[in-house]
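Q: CSV, C-alpha atoms and all ligand atoms, saved as query05.csv, coming up:
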chain,number,residue,atom,x,y,z
A,1,MET,CA,-56.0,-105.7,121.2
A,2,ILE,CA,-53.8,-104.1,118.5
A,3,THR,CA,-50.1,-103.8,118.5
A,4,CYS,CA,-48.2,-102.2,115.6
A,5,GLU,CA,-44.4,-102.2,116.0
A,6,ASN,CA,-42.3,-100.4,113.5
A,7,LEU,CA,-44.9,-101.2,110.8
A,8,VAL,CA,-43.7,-100.5,107.3
A,9,LYS,CA,-45.8,-100.6,104.1
A,10,ILE,CA,-44.2,-100.1,100.7
A,11,TYR,CA,-46.3,-99.9,97.5
A,12,LYS,CA,-44.3,-100.8,94.5
A,13,THR,CA,-45.6,-99.7,91.1
A,14,ALA,CA,-43.9,-100.1,87.7
A,15,ASP,CA,-41.4,-97.3,88.3
A,16,ILE,CA,-41.8,-96.0,91.8
A,17,GLU,CA,-41.9,-97.1,95.4
A,18,VAL,CA,-44.1,-95.3,97.9
A,19,MET,CA,-43.4,-95.9,101.6
A,20,ALA,CA,-46.9,-95.3,103.0
A,21,LEU,CA,-46.0,-96.5,106.5
A,22,GLN,CA,-42.6,-95.7,107.7
A,23,GLY,CA,-42.1,-97.6,111.0
A,24,LEU,CA,-45.4,-96.9,112.7
A,25,ASN,CA,-46.0,-97.8,116.3
A,26,LEU,CA,-49.5,-98.0,117.8
A,27,HIS,CA,-51.2,-99.8,120.7
A,28,VAL,CA,-55.0,-100.0,121.0
A,29,LYS,CA,-56.4,-101.5,124.2
A,30,GLN,CA,-59.3,-104.0,124.1
A,31,GLY,CA,-62.6,-102.1,124.5
A,32,GLU,CA,-61.1,-98.7,123.5
A,33,LEU,CA,-62.9,-96.2,121.2
A,34,MET,CA,-60.2,-94.2,119.5
A,35,ALA,CA,-59.6,-92.1,116.4
A,36,ILE,CA,-56.7,-91.9,114.0
A,37,ILE,CA,-56.3,-88.5,112.4
A,38,GLY,CA,-54.0,-87.3,109.6
A,39,ASN,CA,-53.8,-85.2,106.5
A,40,SER,CA,-54.5,-86.7,103.1
A,41,GLY,CA,-51.7,-89.1,102.1
A,42,SER,CA,-50.4,-89.6,105.7
A,43,GLY,CA,-51.1,-93.3,105.6
A,44,LYS,CA,-54.5,-93.6,107.4
A,45,SER,CA,-56.2,-95.9,104.9
A,46,THR,CA,-53.1,-98.0,104.5
A,47,LEU,CA,-53.0,-98.6,108.2
A,48,LEU,CA,-56.7,-99.4,108.2
A,49,ASN,CA,-56.3,-101.9,105.4
A,50,MET,CA,-53.6,-103.7,107.4
A,51,LEU,CA,-55.8,-103.8,110.5
A,52,GLY,CA,-58.7,-105.1,108.5
A,53,GLY,CA,-56.6,-107.9,106.9
A,54,LEU,CA,-57.1,-106.4,103.4
A,55,ASP,CA,-53.4,-106.0,102.8
A,56,ARG,CA,-50.2,-107.2,104.5
A,57,PRO,CA,-47.4,-105.1,106.0
A,58,SER,CA,-44.0,-105.1,104.2
A,59,ALA,CA,-42.1,-105.2,107.5
A,60,GLY,CA,-42.5,-104.7,111.2
A,61,ARG,CA,-44.9,-106.5,113.6
A,62,LEU,CA,-48.7,-106.5,113.6
A,63,THR,CA,-50.6,-108.4,116.3
A,64,ILE,CA,-54.4,-108.2,116.6
A,65,ASP,CA,-56.4,-110.0,119.3
A,66,GLY,CA,-53.3,-112.2,119.9
A,67,ILE,CA,-53.0,-113.1,116.2
A,68,ASN,CA,-49.7,-112.5,114.4
A,69,MET,CA,-51.1,-111.0,111.2
A,70,GLN,CA,-47.9,-111.7,109.1
A,71,LYS,CA,-48.1,-115.4,109.8
A,72,LEU,CA,-51.7,-115.9,108.6
A,73,THR,CA,-52.3,-118.1,105.6
A,74,ASP,CA,-54.8,-116.8,103.0
A,75,LYS,CA,-57.5,-119.0,104.5
A,76,GLU,CA,-56.8,-117.8,108.0
A,77,LEU,CA,-56.9,-114.3,106.8
A,78,SER,CA,-60.4,-114.8,105.3
A,79,ARG,CA,-61.5,-116.2,108.6
A,80,TYR,CA,-60.1,-113.2,110.4
A,81,LYS,CA,-62.0,-110.9,108.1
A,82,ARG,CA,-65.2,-112.8,108.6
A,83,GLU,CA,-65.0,-113.3,112.3
A,84,THR,CA,-62.8,-110.9,114.1
A,85,VAL,CA,-63.2,-107.6,112.3
A,86,GLY,CA,-66.1,-105.5,111.0
A,87,PHE,CA,-65.7,-102.6,108.5
A,88,VAL,CA,-67.8,-99.4,108.0
A,89,TRP,CA,-66.8,-97.4,104.9
A,90,GLN,CA,-67.6,-93.8,104.0
A,91,ASN,CA,-68.7,-95.0,100.6
A,92,LYS,CA,-72.0,-96.7,101.2
A,93,GLY,CA,-71.7,-98.6,97.9
A,94,ARG,CA,-69.1,-100.7,99.6
A,95,ASN,CA,-71.5,-101.9,102.4
A,96,LEU,CA,-75.0,-101.9,101.0
A,97,ILE,CA,-77.3,-103.2,98.2
A,98,PRO,CA,-79.9,-100.6,97.5
A,99,TYR,CA,-82.7,-102.8,96.2
A,100,LEU,CA,-82.7,-105.1,99.2
A,101,THR,CA,-84.5,-104.3,102.4
A,102,ALA,CA,-82.6,-103.3,105.6
A,103,ARG,CA,-83.1,-106.8,107.0
A,104,GLU,CA,-82.0,-108.6,103.9
A,105,ASN,CA,-78.8,-106.4,103.8
A,106,VAL,CA,-77.9,-107.3,107.4
A,107,GLU,CA,-78.5,-111.0,106.7
A,108,ILE,CA,-76.0,-111.2,103.8
A,109,PRO,CA,-72.9,-111.8,105.8
A,110,MET,CA,-74.6,-114.4,108.1
A,111,LEU,CA,-73.5,-117.4,106.1
A,112,LEU,CA,-73.5,-119.9,108.9
A,113,HIS,CA,-76.9,-119.3,110.4
A,114,ASP,CA,-80.3,-120.9,109.5
A,115,ARG,CA,-83.1,-118.7,108.4
A,116,LYS,CA,-84.7,-118.3,111.8
A,117,GLN,CA,-81.5,-117.4,113.4
A,118,LYS,CA,-80.7,-114.9,110.7
A,119,ARG,CA,-84.1,-113.2,111.1
A,120,LYS,CA,-83.7,-113.0,114.9
A,121,ARG,CA,-80.1,-111.6,114.7
A,122,SER,CA,-80.9,-109.1,112.0
A,123,VAL,CA,-83.9,-107.7,113.9
A,124,GLU,CA,-81.7,-107.5,117.0
A,125,LEU,CA,-79.0,-105.6,115.2
A,126,LEU,CA,-81.3,-103.2,113.5
A,127,GLU,CA,-83.0,-102.5,116.8
A,128,ALA,CA,-79.5,-101.9,118.4
A,129,VAL,CA,-78.8,-99.2,115.8
A,130,GLY,CA,-82.2,-97.6,116.3
A,131,LEU,CA,-83.8,-98.9,113.1
A,132,GLY,CA,-86.3,-101.5,114.4
A,133,HIS,CA,-89.0,-99.6,112.6
A,134,ARG,CA,-87.3,-99.8,109.2
A,135,LEU,CA,-86.7,-103.6,108.9
A,136,ASN,CA,-88.6,-104.0,105.6
A,137,ASN,CA,-87.8,-100.7,103.9
A,138,ARG,CA,-85.6,-101.0,100.9
A,139,LEU,CA,-82.2,-99.2,101.3
A,140,GLU,CA,-83.1,-96.7,98.6
A,141,GLU,CA,-86.0,-95.6,100.7
A,142,LEU,CA,-83.8,-94.6,103.6
A,143,SER,CA,-81.8,-91.5,104.4
A,144,GLY,CA,-78.0,-91.3,104.3
A,145,GLY,CA,-77.8,-91.5,108.1
A,146,GLU,CA,-80.1,-94.5,108.3
A,147,GLN,CA,-78.1,-96.2,105.6
A,148,GLN,CA,-74.9,-95.7,107.5
A,149,ARG,CA,-76.6,-97.2,110.6
A,150,ILE,CA,-77.4,-100.2,108.5
A,151,ALA,CA,-73.8,-100.4,107.4
A,152,ILE,CA,-72.9,-100.6,111.1
A,153,ALA,CA,-75.5,-103.3,111.7
A,154,ILE,CA,-73.9,-105.3,108.8
A,155,ALA,CA,-70.4,-104.8,110.2
A,156,LEU,CA,-71.6,-106.3,113.5
A,157,ALA,CA,-73.5,-109.2,112.0
A,158,ASN,CA,-70.8,-111.8,112.8
A,159,ARG,CA,-70.0,-110.4,116.3
A,160,PRO,CA,-66.6,-108.9,115.5
A,161,LYS,CA,-64.3,-107.9,118.4
A,162,LEU,CA,-63.0,-105.0,116.4
A,163,LEU,CA,-64.9,-102.4,114.4
A,164,LEU,CA,-62.9,-100.3,111.8
A,165,ALA,CA,-64.6,-97.2,110.5
A,166,ASP,CA,-63.2,-95.2,107.6
A,167,GLU,CA,-64.6,-91.6,107.6
A,168,PRO,CA,-67.9,-93.0,108.9
A,169,THR,CA,-69.6,-89.6,108.9
A,170,GLY,CA,-67.9,-88.2,105.8
A,171,ALA,CA,-71.1,-88.1,103.8
A,172,LEU,CA,-73.4,-86.9,106.6
A,173,ASP,CA,-74.5,-83.5,107.8
A,174,THR,CA,-73.4,-82.3,111.3
A,175,ARG,CA,-76.5,-83.4,113.2
A,176,THR,CA,-76.6,-86.9,111.6
A,177,SER,CA,-72.8,-87.2,112.2
A,178,ALA,CA,-73.3,-86.5,115.9
A,179,GLN,CA,-76.0,-89.2,116.1
A,180,MET,CA,-73.6,-91.7,114.3
A,181,MET,CA,-70.9,-90.9,116.9
A,182,GLU,CA,-73.4,-91.3,119.7
A,183,LEU,CA,-74.2,-94.8,118.3
A,184,LEU,CA,-70.6,-95.8,118.1
A,185,ARG,CA,-70.0,-94.7,121.7
A,186,ARG,CA,-73.0,-96.7,122.8
A,187,LEU,CA,-71.9,-99.8,121.0
A,188,ASN,CA,-68.5,-99.4,122.6
A,189,ALA,CA,-69.9,-98.9,126.1
A,190,ASP,CA,-72.6,-101.6,125.9
A,191,TYR,CA,-70.7,-104.4,124.1
A,192,GLY,CA,-67.1,-103.6,124.9
A,193,LEU,CA,-66.5,-103.4,121.2
A,194,THR,CA,-63.0,-102.0,120.3
A,195,ILE,CA,-63.6,-99.2,117.7
A,196,VAL,CA,-61.0,-97.5,115.6
A,197,ILE,CA,-62.2,-94.5,113.6
A,198,VAL,CA,-60.1,-93.0,110.8
A,199,THR,CA,-60.8,-89.5,109.8
A,200,HIS,CA,-59.3,-86.2,108.7
A,201,ASP,CA,-62.0,-84.4,110.6
A,202,LEU,CA,-60.8,-83.0,114.0
A,203,ASP,CA,-64.4,-82.2,115.0
A,204,LEU,CA,-65.2,-85.9,114.8
A,205,ALA,CA,-62.0,-87.0,116.5
A,206,ARG,CA,-62.5,-84.6,119.5
A,207,GLN,CA,-65.5,-86.7,120.5
A,208,VAL,CA,-63.4,-89.7,121.6
A,209,GLU,CA,-61.0,-90.2,124.5
A,210,ARG,CA,-57.8,-90.7,122.5
A,211,VAL,CA,-56.8,-89.3,119.2
A,212,VAL,CA,-53.6,-90.5,117.5
A,213,ALA,CA,-52.2,-88.3,114.8
A,214,ILE,CA,-50.3,-89.8,111.8
A,215,ARG,CA,-47.8,-87.8,109.8
A,216,ASP,CA,-45.7,-89.2,107.0
A,217,GLY,CA,-46.6,-92.8,107.8
A,218,ARG,CA,-45.7,-92.5,111.5
A,219,THR,CA,-47.6,-91.7,114.7
A,220,SER,CA,-46.5,-88.2,115.6
A,221,SER,CA,-48.7,-87.1,118.5
A,222,GLU,CA,-51.5,-88.2,120.7
A,223,MET,CA,-54.3,-86.3,122.3
A,224,ILE,CA,-55.9,-87.7,125.5
A,225,ARG,CA,-59.0,-86.3,127.0
A,226,ARG,CA,-58.5,-84.5,130.3
A,227,ALA,CA,-59.7,-86.6,133.2
A,228,ASP,CA,-62.0,-83.8,134.4
A,229,GLU,CA,-63.7,-83.4,131.0
A,230,ALA,CA,-67.1,-84.7,130.4
A,231,GLN,CA,-67.8,-86.6,127.1
A,232,GLY,CA,-68.9,-84.4,124.3
A,233,SER,CA,-67.7,-81.1,125.6
A,234,GLU,CA,-66.7,-78.4,123.2
A,235,TRP,CA,-63.3,-78.4,121.4
A,236,SER,CA,-61.8,-74.9,121.3
A,237,GLY,CA,-58.3,-75.5,119.8
A,238,GLY,CA,-57.2,-75.3,116.2
A,239,GLU,CA,-55.8,-78.2,114.2
A,240,GLY,CA,-53.2,-80.1,116.1
A,241,GLU,CA,-53.3,-77.8,119.1
A,242,SER,CA,-53.8,-78.6,122.7
A,243,ASP,CA,-57.3,-77.6,123.8
A,244,ASN,CA,-59.5,-77.5,126.8
A,245,THR,CA,-60.7,-81.0,126.5
A,246,HIS,CA,-57.6,-83.0,125.5
A,247,ILE,CA,-53.9,-82.9,126.4
A,248,GLU,CA,-51.5,-83.3,123.5
A,249,TYR,CA,-48.4,-85.6,123.8
A,250,ALA,CA,-45.6,-86.0,121.3
A,251,VAL,CA,-44.9,-89.6,120.5
A,252,MET,CA,-41.4,-90.7,121.3
A,253,ASP,CA,-39.7,-93.8,119.9
A,254,ARG,CA,-37.3,-96.1,121.7
A,255,THR,CA,-34.3,-94.0,120.6
A,256,GLY,CA,-35.8,-90.8,121.9
A,257,ARG,CA,-36.9,-89.4,118.5
A,258,ILE,CA,-40.0,-87.1,118.5
A,259,GLN,CA,-41.7,-85.0,115.9
A,260,VAL,CA,-42.1,-81.5,117.1
A,261,PRO,CA,-45.5,-80.2,116.0
A,262,GLU,CA,-45.2,-77.7,113.2
A,263,HIS,CA,-47.1,-75.0,115.0
A,264,TYR,CA,-44.7,-75.1,117.9
A,265,LEU,CA,-41.8,-74.6,115.6
A,266,GLU,CA,-43.6,-71.9,113.9
A,267,ALA,CA,-44.3,-70.1,117.2
A,268,VAL,CA,-40.6,-69.9,118.1
A,269,GLY,CA,-39.5,-69.0,114.5
A,270,ALA,CA,-37.8,-72.4,113.8
A,271,LYS,CA,-40.2,-73.8,111.2
A,272,ASN,CA,-37.7,-74.2,108.4
A,273,ALA,CA,-34.6,-74.5,110.5
A,274,ASP,CA,-32.3,-77.6,110.0
A,275,LYS,CA,-31.3,-77.6,113.7
A,276,VAL,CA,-32.6,-76.2,117.0
A,277,LEU,CA,-30.9,-75.6,120.3
A,278,LEU,CA,-31.7,-78.1,123.0
A,279,ARG,CA,-31.1,-77.2,126.6
A,280,LEU,CA,-31.7,-79.1,129.9
A,281,ASP,CA,-33.2,-76.6,132.3
A,282,GLU,CA,-33.5,-78.3,135.7
A,283,ASP,CA,-36.4,-80.7,135.1
A,284,LYS,CA,-37.3,-79.4,131.7
A,285,ILE,CA,-36.0,-79.8,128.2
A,286,VAL,CA,-36.0,-76.5,126.4
A,287,LEU,CA,-36.0,-76.2,122.6
A,288,LEU,CA,-34.9,-72.9,121.1
A,289,PRO,CA,-34.2,-71.6,117.6
A,290,ALA,CA,-30.5,-72.1,116.9
A,291,SER,CA,-30.2,-68.4,116.2
A,292,ARG,CA,-30.8,-67.7,119.9
A,293,GLU,CA,-27.3,-69.0,120.7
A,294,SER,CA,-25.5,-66.4,118.7
A,295,HIS,CA,-27.7,-63.7,120.1
A,296,GLY,CA,-26.8,-64.9,123.6
A,297,LYS,CA,-23.0,-64.5,122.9
A,298,MET,CA,-23.2,-61.0,121.5
B,1,LIG,N1,-52.2,-99.0,96.1
B,1,LIG,C1,-51.3,-98.0,96.2
B,1,LIG,N2,-50.2,-98.0,95.3
B,1,LIG,C2,-49.3,-97.0,95.4
B,1,LIG,N3,-49.3,-96.0,96.3
B,1,LIG,C3,-50.3,-96.0,97.2
B,1,LIG,C4,-51.3,-97.0,97.2
B,1,LIG,N4,-52.2,-96.7,98.2
B,1,LIG,C5,-51.7,-95.6,98.8
B,1,LIG,N5,-50.6,-95.2,98.2
B,1,LIG,C6,-49.8,-94.0,98.6
B,1,LIG,O1,-49.4,-94.2,100.0
B,1,LIG,C7,-49.5,-93.0,100.7
B,1,LIG,C8,-50.5,-93.1,101.9
B,1,LIG,O2,-51.8,-93.2,101.3
B,1,LIG,P1,-53.1,-93.5,102.2
B,1,LIG,O3,-54.2,-93.7,101.2
B,1,LIG,O4,-52.9,-94.5,103.2
B,1,LIG,O5,-53.3,-92.0,102.9
B,1,LIG,P2,-54.6,-91.5,103.7
B,1,LIG,O6,-54.0,-90.8,104.9
B,1,LIG,O7,-55.6,-92.5,103.9
B,1,LIG,O8,-55.1,-90.3,102.7
B,1,LIG,P3,-56.7,-89.9,102.4
B,1,LIG,O9,-57.1,-89.2,103.6
B,1,LIG,O10,-56.5,-89.0,101.2
B,1,LIG,O11,-57.4,-91.1,102.1
B,1,LIG,C9,-49.9,-91.9,99.7
B,1,LIG,O12,-48.7,-91.3,99.3
B,1,LIG,C10,-50.5,-92.7,98.6
B,1,LIG,O13,-50.3,-92.1,97.3
What is this structure when it is put down as structure tokens?
Ligand SMILES: Nc1ncnc2c1ncn2[C@@H]1O[C@H](COP(=O)(O)OP(=O)(O)OP(=O)(O)O)[C@@H](O)[C@H]1O
A:
Amino acid sequence: MITCENLVKIYKTADIEVMALQGLNLHVKQGELMAIIGNSGSGKSTLLNMLGGLDRPSAGRLTIDGINMQKLTDKELSRYKRETVGFVWQNKGRNLIPYLTARENVEIPMLLHDRKQKRKRSVELLEAVGLGHRLNNRLEELSGGEQQRIAIAIALANRPKLLLADEPTGALDTRTSAQMMELLRRLNADYGLTIVIVTHDLDLARQVERVVAIRDGRTSSEMIRRADEAQGSEWSGGEGESDNTHIEYAVMDRTGRIQVPEHYLEAVGAKNADKVLLRLDEDKIVLLPASRESHGKM
């Protein structure tokens, strides 16, 4: 569904250039529900903007649903935004109009339908997100969690194949966040919708099969749920660590480059080192602090 190859995004301002994506590689399969995690400034929103057609990459290759995103004209890009992709933002103001009812909000993006079709589809969507009983309530009368469900219904109004969610539970409490994740899982399972969630919250990310971590504008590691783990089981590791539910892999590019997770380097006392000792040990590659070599010779 999504292929990013060596994706680069450079923001140019009057006097500086920021390289927000530095050759990022990512593949997302059709029908996948996955999360992208990373610290503030790592490039998550930049990537999401590229995937949503809100901005264009500076270099590299980006293909979504068979479409070469760099070759789209402005008109084709508008069509892509309208038909292929749906967005849910953390900031509700970006999705919703408070003085309109739930149903009216959901009908806004449905430009091409007649009134009867709009009514039918908006009721269908609001029922799908569990708000069939709130059709005629104005948005300002609904809770934060309910409003976020409506944002999802709006994002799905034009039957997108891809749903992008930027910190979808950022403004919600723990219980409401869990319900929101449950809803996303259900939409993914029932409609085969491809869903990419961007977050800095590991608790949220742990609830999906695959979590890709971004560091400095590149994918650095990937956590995949263990085959024997049931959905929703508890996460016991700290940030960026392997845990009971997921296995962590370092991402390797074509030339064999990997980013060693910081906590691994820290554990062997090589955190600020400028080189490490690499050794091939039968079928394993062993990585040691460079200082071990001199100790070995003494
Ligand atoms: N429009 C812009 N102009 C200039 N620099 C930008 C712009 N947008 C983002 N950046 C810079 O690009 C880098 C990546 O930013 P981005 O917003 O993608 O990170 P993020 O991982 O989404 O962070 P956060 O979690 O804080 O939202 C940062 O250094 C940021 O300052």
Q: Dump the neighbourhood of ligand LIG 1 (chain B) as a VMD selection string: all residues within 12 Å, distances computed on only C-alpha atoms and all ligand atoms.
A: chain A and resid 8 to 22 36 to 50 54 to 56 89 to 90 166 to 167 170 197 to 201 213 to 219
Q: Counting only C-alpha atoms, find the residues whose atoms lie at most 12 Å from (-68.0, -92.1, 108.9) (file coordinates) and write them out as a count of residues only.
A: 41
Q: Residues within 6 Å of Leu162 of chain A, please, as a short mmCIF file (atom, residue, chain, number, x, y, z; two decimals) with C-alpha atoms, in the coordinates of the input. Count only C-alpha atoms; anything in the same chain fewer than 4 positions from it doesn't count.
A:
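part_27.cif, written as the output of this step:
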data_model
loop_
_atom_site.label_atom_id
_atom_site.label_comp_id
_atom_site.auth_asym_id
_atom_site.auth_seq_id
_atom_site.Cartn_x
_atom_site.Cartn_y
_atom_site.Cartn_z
CA VAL A 85 -63.20 -107.60 112.30
CA THR A 194 -63.00 -102.00 120.30
CA ILE A 195 -63.60 -99.20 117.70
#
Q: So which residues touch segment 220-228 of chain A within 6 Å, counting all atoms listed in the file, skipping near sequence neighbours fewer than 5 positions away, as a ChimeraX atom specification?
A: /A:209-215,245-251,259
Q: Please identify all polymer residues lying at most 10 Å from the point (-68.7, -111.9, 107.1) (file coordinates), using all atoms listed in the file, and present the result as a list in words.
A: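 These residues have at least one counted atom within 10 Å: Ser78, Arg79, Tyr80, Lys81, Arg82, Glu83, Thr84, Val85, Gly86, Phe87, Glu107, Ile108, Pro109, Met110, Leu111, Leu112, Ile154, Ala155, Leu156, Ala157, Asn158, Arg159 and Pro160 of chain A.
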Q: Calculated over all atoms listed in the file, which of the candidates A:Glu182, A:Ile150, A:Asn68, A:Leu187 has the smallest distance to Val106 of chain A?
A: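 Closest to Val106 of chain A of all the choices is A:Ile150.
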Q: With only C-alpha atoms as the atoms that count, which of A:Gly53, A:Glu146, A:Thr73, A:Leu265 lies nearest to Gly130 of chain A?
A: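 The shortest atom-to-atom distance to Gly130 of chain A comes from A:Glu146.
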Q: Between atom CA of Met1 of chain A and atom CA of Val260 of chain A, what is the distance in Å, rounded to a tenth?
A: 28.2 Å
Q: Looking at only C-alpha atoms, which of A:Val129, A:Leu33, A:Leu202, A:Leu7 is the one that sits closest to Ala189 of chain A?
A: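 Going through A:Val129, A:Leu33, A:Leu202, A:Leu7 one by one, the smallest distance to Ala189 of chain A is for A:Leu33.
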Q: If you measure from atom CA of Val286 of chain A to atom CA of Ile258 of chain A, what distance in Å do you get, rounded to one decimal?
A: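 These atoms are spaced 13.8 Å apart.
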